[in-house]
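Structure file my_file-v7.cif (mmCIF, C-alpha atoms) is printed below.
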data_protein
#
loop_
_atom_site.label_atom_id
_atom_site.label_comp_id
_atom_site.auth_asym_id
_atom_site.auth_seq_id
_atom_site.Cartn_x
_atom_site.Cartn_y
_atom_site.Cartn_z
CA MET Q 266 106.23 106.28 96.97
CA LEU Q 267 106.17 102.51 97.61
CA GLU Q 268 109.59 101.46 96.38
CA GLY Q 269 111.00 98.57 98.39
CA LYS Q 270 107.60 97.50 99.77
CA THR Q 271 105.93 94.18 99.05
CA ILE Q 272 102.15 94.30 99.25
CA LEU Q 273 99.49 91.59 99.01
CA VAL Q 274 96.19 92.59 97.38
CA THR Q 275 93.27 90.18 97.67
CA GLY Q 276 90.66 90.12 94.94
CA ALA Q 277 93.03 91.76 92.44
CA SER Q 278 91.50 90.45 89.23
CA LYS Q 279 88.69 92.98 88.85
CA GLY Q 280 87.03 96.11 90.18
CA ILE Q 281 88.57 98.01 93.08
CA GLY Q 282 91.20 95.32 93.73
CA ALA Q 283 92.50 95.41 90.17
CA GLU Q 284 92.77 99.20 90.24
CA ILE Q 285 94.59 99.12 93.58
CA ALA Q 286 97.05 96.51 92.31
CA ARG Q 287 97.67 98.63 89.21
CA GLN Q 288 98.27 101.77 91.29
CA LEU Q 289 100.65 100.03 93.69
CA GLY Q 290 102.66 98.71 90.78
CA ARG Q 291 102.90 102.19 89.30
CA ASP Q 292 104.07 103.52 92.66
CA GLY Q 293 106.99 101.13 92.76
CA ALA Q 294 105.71 98.34 95.02
CA THR Q 295 106.22 94.66 94.48
CA VAL Q 296 102.63 93.45 94.19
CA ILE Q 297 101.37 90.00 95.10
CA ALA Q 298 98.02 89.80 93.33
CA HIS Q 299 95.53 87.29 94.70
CA TYR Q 300 92.80 85.93 92.44
CA GLY Q 301 90.09 83.31 92.84
CA SER Q 302 89.60 81.98 89.30
CA ASP Q 303 90.39 84.92 87.00
CA ARG Q 304 94.18 84.92 86.70
CA ALA Q 305 93.91 86.74 83.37
CA GLY Q 306 92.21 89.64 85.14
CA ALA Q 307 94.97 89.86 87.74
CA GLU Q 308 97.62 89.71 85.02
CA ALA Q 309 95.87 92.49 83.10
CA ALA Q 310 95.83 94.67 86.21
CA LEU Q 311 99.62 94.36 86.47
CA SER Q 312 100.40 94.39 82.77
CA ASP Q 313 102.47 97.58 83.13
CA THR Q 314 104.34 96.40 86.24
CA PRO Q 315 107.84 94.96 85.64
CA GLU Q 316 108.06 91.18 85.81
CA ASP Q 317 110.29 91.19 88.88
CA ARG Q 318 107.74 93.22 90.85
CA LYS Q 319 104.60 91.18 90.23
CA HIS Q 320 103.55 87.80 91.53
CA PHE Q 321 100.26 85.93 91.50
CA VAL Q 322 98.67 83.66 94.07
CA GLN Q 323 95.41 81.73 93.75
CA ALA Q 324 92.97 80.94 96.56
CA ASP Q 325 89.26 80.24 96.70
CA LEU Q 326 88.27 82.32 99.72
CA SER Q 327 84.99 80.48 100.09
CA SER Q 328 87.22 77.74 101.56
CA SER Q 329 88.42 78.34 105.10
CA GLU Q 330 91.57 76.28 104.54
CA ALA Q 331 92.47 78.30 101.43
CA ALA Q 332 92.06 81.53 103.38
CA TRP Q 333 94.37 80.30 106.15
CA GLN Q 334 97.00 79.29 103.58
CA LEU Q 335 96.86 82.45 101.47
CA PHE Q 336 99.30 84.55 103.48
CA ALA Q 337 101.84 81.71 103.62
CA SER Q 338 101.51 81.21 99.86
CA ALA Q 339 102.02 84.93 99.31
CA LEU Q 340 105.22 84.83 101.36
CA ASP Q 341 106.57 81.84 99.40
CA GLY Q 342 110.13 82.18 100.63
CA ARG Q 343 110.11 85.97 100.85
CA GLU Q 344 111.54 87.49 103.99
CA ARG Q 345 108.52 89.68 104.57
CA ILE Q 346 105.42 91.42 103.35
CA HIS Q 347 105.07 95.10 104.26
CA GLY Q 348 101.36 95.58 103.73
CA ILE Q 349 98.08 94.01 102.70
CA VAL Q 350 94.93 95.27 101.04
CA ASN Q 351 92.09 93.03 102.21
CA ASN Q 352 89.69 93.67 99.34
CA ALA Q 353 88.16 90.37 98.17
CA ALA Q 354 84.42 90.25 98.82
CA THR Q 355 81.13 89.10 97.39
CA MET Q 356 77.70 90.72 97.18
CA ILE Q 357 74.77 88.38 96.57
CA PHE Q 358 71.41 89.86 95.56
CA ASP Q 359 69.34 87.25 97.37
CA GLY Q 360 68.89 86.31 100.98
CA GLY Q 361 66.52 89.03 102.10
CA ILE Q 362 63.91 88.70 104.81
CA ASP Q 363 61.23 87.85 102.25
CA ASP Q 364 63.31 85.15 100.55
CA PRO Q 365 62.92 81.47 101.51
CA ARG Q 366 64.71 80.42 104.67
CA ASP Q 367 67.08 78.03 102.88
CA THR Q 368 68.12 80.87 100.54
CA TRP Q 369 68.64 83.14 103.54
CA ASP Q 370 70.84 80.57 105.28
CA ASP Q 371 72.91 79.86 102.16
CA VAL Q 372 73.49 83.52 101.28
CA TRP Q 373 74.44 84.52 104.81
CA GLU Q 374 76.86 81.59 105.14
CA ARG Q 375 78.53 82.26 101.77
CA THR Q 376 78.72 86.02 102.33
CA PHE Q 377 80.23 85.73 105.79
CA ARG Q 378 82.59 82.96 104.69
CA ILE Q 379 84.26 85.27 102.16
CA ASN Q 380 83.69 88.77 103.52
CA VAL Q 381 84.26 88.06 107.21
CA PHE Q 382 85.77 84.68 108.08
CA SER Q 383 88.34 84.60 105.27
CA ALA Q 384 89.12 88.31 105.57
CA ALA Q 385 89.60 87.89 109.32
CA ALA Q 386 91.90 84.89 108.81
CA ILE Q 387 94.08 86.96 106.47
CA LEU Q 388 94.03 89.83 108.98
CA ARG Q 389 95.14 87.48 111.76
CA GLU Q 390 98.01 86.04 109.74
CA ALA Q 391 99.13 89.51 108.69
CA VAL Q 392 99.19 90.76 112.29
CA HIS Q 393 101.30 87.76 113.36
CA HIS Q 394 103.72 88.38 110.50
CA PHE Q 395 103.97 92.12 111.11
CA ARG Q 396 104.61 91.67 114.83
CA GLN Q 397 107.57 89.46 113.96
CA HIS Q 398 109.01 91.91 111.42
CA GLY Q 399 108.74 95.33 113.00
CA GLY Q 400 105.32 96.38 111.77
CA GLY Q 401 103.24 96.75 108.66
CA ALA Q 402 100.12 98.31 107.19
CA ILE Q 403 96.67 96.87 106.64
CA VAL Q 404 94.05 98.45 104.39
CA GLY Q 405 90.60 96.91 104.70
CA ILE Q 406 88.03 97.68 102.04
CA SER Q 407 84.68 98.02 103.77
CA SER Q 408 81.65 99.92 102.46
CA TRP Q 409 79.38 102.76 103.38
CA ALA Q 410 76.84 99.95 103.86
CA ALA Q 411 78.65 99.10 107.12
CA GLN Q 412 77.45 102.43 108.51
CA LYS Q 413 74.10 103.02 106.84
CA GLY Q 414 72.87 99.66 105.53
CA VAL Q 415 71.89 98.96 101.93
CA THR Q 416 69.05 100.30 99.81
CA ASN Q 417 68.29 96.81 98.50
CA PRO Q 418 67.21 94.76 101.54
CA ARG Q 419 67.95 91.52 99.69
CA SER Q 420 71.64 92.40 100.19
CA ILE Q 421 71.25 92.67 103.96
CA ALA Q 422 73.95 90.01 104.50
CA TYR Q 423 76.48 92.12 102.59
CA ALA Q 424 75.85 95.16 104.80
CA ALA Q 425 76.13 93.06 107.95
CA SER Q 426 79.36 91.44 106.76
CA LYS Q 427 81.00 94.78 106.02
CA ALA Q 428 80.08 96.04 109.49
CA ALA Q 429 81.50 92.90 111.09
CA ILE Q 430 84.89 93.04 109.37
CA LYS Q 431 85.12 96.81 109.98
CA ALA Q 432 84.87 96.10 113.72
CA ALA Q 433 87.72 93.60 113.38
CA TYR Q 434 89.93 96.16 111.63
CA ASN Q 435 89.14 98.79 114.25
CA THR Q 436 90.07 96.35 117.00
CA ALA Q 437 93.37 95.47 115.34
CA ALA Q 438 94.22 99.15 114.87
CA THR Q 439 94.00 99.84 118.59
CA ALA Q 440 95.34 96.56 119.92
CA TYR Q 441 98.52 96.49 117.81
CA ALA Q 442 99.33 100.18 117.42
CA ARG Q 443 102.41 99.83 119.65
CA ASP Q 444 103.64 97.01 117.43
CA ASN Q 445 103.92 99.57 114.61
CA ILE Q 446 100.93 98.06 112.81
CA GLN Q 447 98.68 100.61 111.12
CA THR Q 448 95.19 99.60 110.07
CA TYR Q 449 92.97 101.72 107.85
CA VAL Q 450 89.40 101.14 106.69
CA ILE Q 451 88.23 102.54 103.35
CA ALA Q 452 84.45 102.75 103.05
CA PRO Q 453 83.51 103.39 99.41
CA GLY Q 454 80.11 104.49 98.24
CA VAL Q 455 78.94 103.59 94.74
CA VAL Q 456 82.13 102.81 92.81
CA ASP Q 457 82.08 102.33 89.05
CA THR Q 458 82.70 98.57 89.05
CA GLN Q 459 80.77 95.56 87.79
CA MET Q 460 79.51 94.86 91.31
CA SER Q 461 77.94 98.33 91.45
CA ARG Q 462 76.55 97.99 87.94
CA ASP Q 463 74.88 94.74 89.00
CA PHE Q 464 73.55 96.50 92.09
CA ALA Q 465 72.19 99.35 89.96
CA GLU Q 466 70.08 96.87 88.01
CA THR Q 467 68.24 96.05 91.24
CA GLN Q 468 67.49 99.76 91.74
CA GLY Q 469 66.11 100.63 88.32
CA GLY Q 470 69.33 101.29 86.44
CA ARG Q 471 72.38 103.52 86.50
CA SER Q 472 70.51 106.79 86.07
CA VAL Q 473 68.33 106.06 89.10
CA VAL Q 474 71.40 105.47 91.27
CA GLU Q 475 73.15 108.58 89.93
CA SER Q 476 70.09 110.71 90.73
CA ARG Q 477 70.63 109.91 94.44
CA LEU Q 478 74.29 110.91 94.48
CA ALA Q 479 75.42 114.41 95.52
CA MET Q 480 77.88 114.70 92.64
CA GLY Q 481 75.60 112.86 90.24
CA GLU Q 482 78.39 110.42 89.41
CA TRP Q 483 79.90 107.19 90.64
CA VAL Q 484 83.25 107.09 92.42
CA PRO Q 485 86.04 106.12 89.99
CA PRO Q 486 88.03 103.09 91.22
CA SER Q 487 91.19 105.15 90.81
CA ASP Q 488 90.13 107.32 93.77
CA ILE Q 489 90.05 104.26 96.02
CA ALA Q 490 93.38 103.07 94.63
CA ALA Q 491 95.11 106.41 95.25
CA LEU Q 492 93.86 106.47 98.84
CA ALA Q 493 94.98 102.89 99.50
CA ALA Q 494 98.44 103.70 98.14
CA PHE Q 495 98.69 106.73 100.42
CA CYS Q 496 97.74 104.69 103.48
CA LEU Q 497 100.35 102.06 102.63
CA SER Q 498 103.05 104.67 102.08
CA GLY Q 499 103.44 105.38 105.81
CA LYS Q 500 103.21 109.13 105.22
CA CYS Q 501 100.47 109.57 107.81
CA ARG Q 502 100.79 106.77 110.37
CA HIS Q 503 98.54 108.53 112.87
CA LEU Q 504 95.63 108.13 110.50
CA SER Q 505 95.61 104.50 111.64
CA GLY Q 506 92.21 103.40 112.93
CA ALA Q 507 90.31 105.81 110.72
CA THR Q 508 87.40 104.86 108.51
CA LEU Q 509 87.81 106.88 105.33
CA ASP Q 510 84.55 107.60 103.52
CA VAL Q 511 84.81 107.91 99.73
CA ASN Q 512 81.35 108.61 98.37
CA GLY Q 513 81.34 112.08 96.79
CA ALA Q 514 79.57 113.73 99.74
CA SER Q 515 76.49 111.54 99.32
CA TYR Q 516 76.79 110.24 102.88
CA ILE Q 517 78.40 112.41 105.54
CA ARG Q 518 78.64 111.23 109.14
#
Please render this file's structure as structure tokens.
Amino acid sequence: MLEGKTILVTGASKGIGAEIARQLGRDGATVIAHYGSDRAGAEAALSDTPEDRKHFVQADLSSSEAAWQLFASALDGRERIHGIVNNAATMIFDGGIDDPRDTWDDVWERTFRINVFSAAAILREAVHHFRQHGGGAIVGISSWAAQKGVTNPRSIAYAASKAAIKAAYNTAATAYARDNIQTYVIAPGVVDTQMSRDFAETQGGRSVVESRLAMGEWVPPSDIAALAAFCLSGKCRHLSGATLDVNGASYIR
């Protein structure tokens, strides 16, 4: 489905990003897997992908300069990249309204640095590249929190960041549609990853979270990966601009 395509995945060492990288490799893509510090995790995600179709690039996305350089490092002499999955993000369980002001300031700055400013820099570089090479596809991993907020108010910065970057993706989808650039937003609910398991601990545990879900189960990361691969395949270009909810009918707009 993705043979001949080269795709950059940010945050590919764990969770949703690792599963997406794995799926893209299975579907025939050449995968450029970005990691922050866990190269072993990124390598594990692509362990079944042939050596000539996997590459790794490191960048600390809490650094603005590293974010600006990531796309260039991913190119590294290649003629082009056909798609990106902008997945890397952080969720910090501090920084709520009742936390100290210095904690609030620090959490909001760190969250927006990674989830918004760095993601937007990668988006900008991708759009420039795609306009020069006849188009491309962008998949942004947002969250249902961008639409409905979070149940733990101490993660208010995370919800706000996901809403901010979603607006950027939506803008790019419309503004560059005639440049053959398709932009999709995937908004997962509670996905079975370490981030969600950490979140569940703030809510009373896994069973408490599951009791609130329509299907009574968490979304498997493979569902997100399959959807991302479909978006990148170009099989439904007119889906561009859509926000695709994946939450097992627990939140329906």
Check what the PyMOL selection byres ((chain Q and resi 307) around 8) selects in the file above and give those residues as a PyMOL selection string.
chain Q and resi 277-279+283+298-300+303-306+308-311+321
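CA of Ala410 in chain Q is positioned 26.0 Å from CA of Tyr441 in chain Q.
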With all atoms listed in the file counted and 10 Å as the cut-off, give the residues of range 299-329 of chain Q in contact with range 383-399 of chain Q, each with its shortest interatomic distance in Å and the pair that gives it, as CSV.
residue,atom,partner,partner_atom,distance
Q:Asp325,CA,Q:Ser383,CA,9.7
Q:Leu326,CA,Q:Ser383,CA,6.0
Q:Ser327,CA,Q:Ser383,CA,7.4
Q:Ser328,CA,Q:Ser383,CA,7.9
Q:Ser329,CA,Q:Ser383,CA,6.3
Around (109.2, 92.1, 97.1) in the file's frame, which residues reach within 10 Å when counting only C-alpha atoms? Return as JSON, numbers by chain?
{"Q": [268, 269, 270, 271, 272, 273, 294, 295, 296, 297, 317, 318, 319, 320, 340, 343, 344, 345, 346, 347]}
Using only C-alpha atoms, the residue out of Q:Ser487, Q:Thr275, Q:Ser338, Q:Gln447 with shortest distance to Cys501 in chain Q is Q:Gln447
All residues 9 Å or closer to range 489-494 of chain Q, only C-alpha atoms, same chain fewer than 2 positions away omitted, as an MDAnalysis selection string
chainID Q and resid 266:267 281:289 292 350 404 449 451 453 456 484:487 496:498 509 511
Of the residues Q:Pro315, Q:Gly513, Q:Gly276, Q:Gly499, which is the one nearest to Asn352 in chain Q, using all atoms listed in the file?
Q:Gly276
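Each of Q:Ala402, Q:Val322, Q:Val474, Q:Ala331 was checked against Asn445 in chain Q using only C-alpha atoms; the smallest atom-to-atom distance is that of Q:Ala402.
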Pairwise distance, CA of Asn351 in chain Q with CA of Ile403 in chain Q, equals 7.4 Å
Radius query 9 Å about (92.6, 96.1, 114.4), atoms used: all atoms listed in the file, as a PyMOL selection string:
chain Q and resi 388+392+403+431-442+446-449+506
I'd like to know which of Q:Gly361, Q:Gly481, Q:Arg443, Q:Glu330 is closest to Gly401 in chain Q, using all atoms listed in the file.
Q:Arg443
Translate the PyMOL selection byres ((chain Q and resi 372) around 9) into a concrete residue list for this structure, as a VMD selection string.
chain Q and resid 357 to 361 367 to 371 373 to 377 422
Check which residues satisfy the PyMOL selection byres ((chain Q and resi 355) around 9) in the file shown, then give them as a ChimeraX atom specification.
/Q:353-354,356-357,375-376,379-380,423,460
Box centre and edge lengths (Å, one decimal), axis-aligned, range 295-310 of chain Q plus 4 Å each side, as JSON:
{"center_x": 97.9, "center_y": 88.3, "center_z": 89.1, "size_x": 24.6, "size_y": 20.7, "size_z": 20.0}
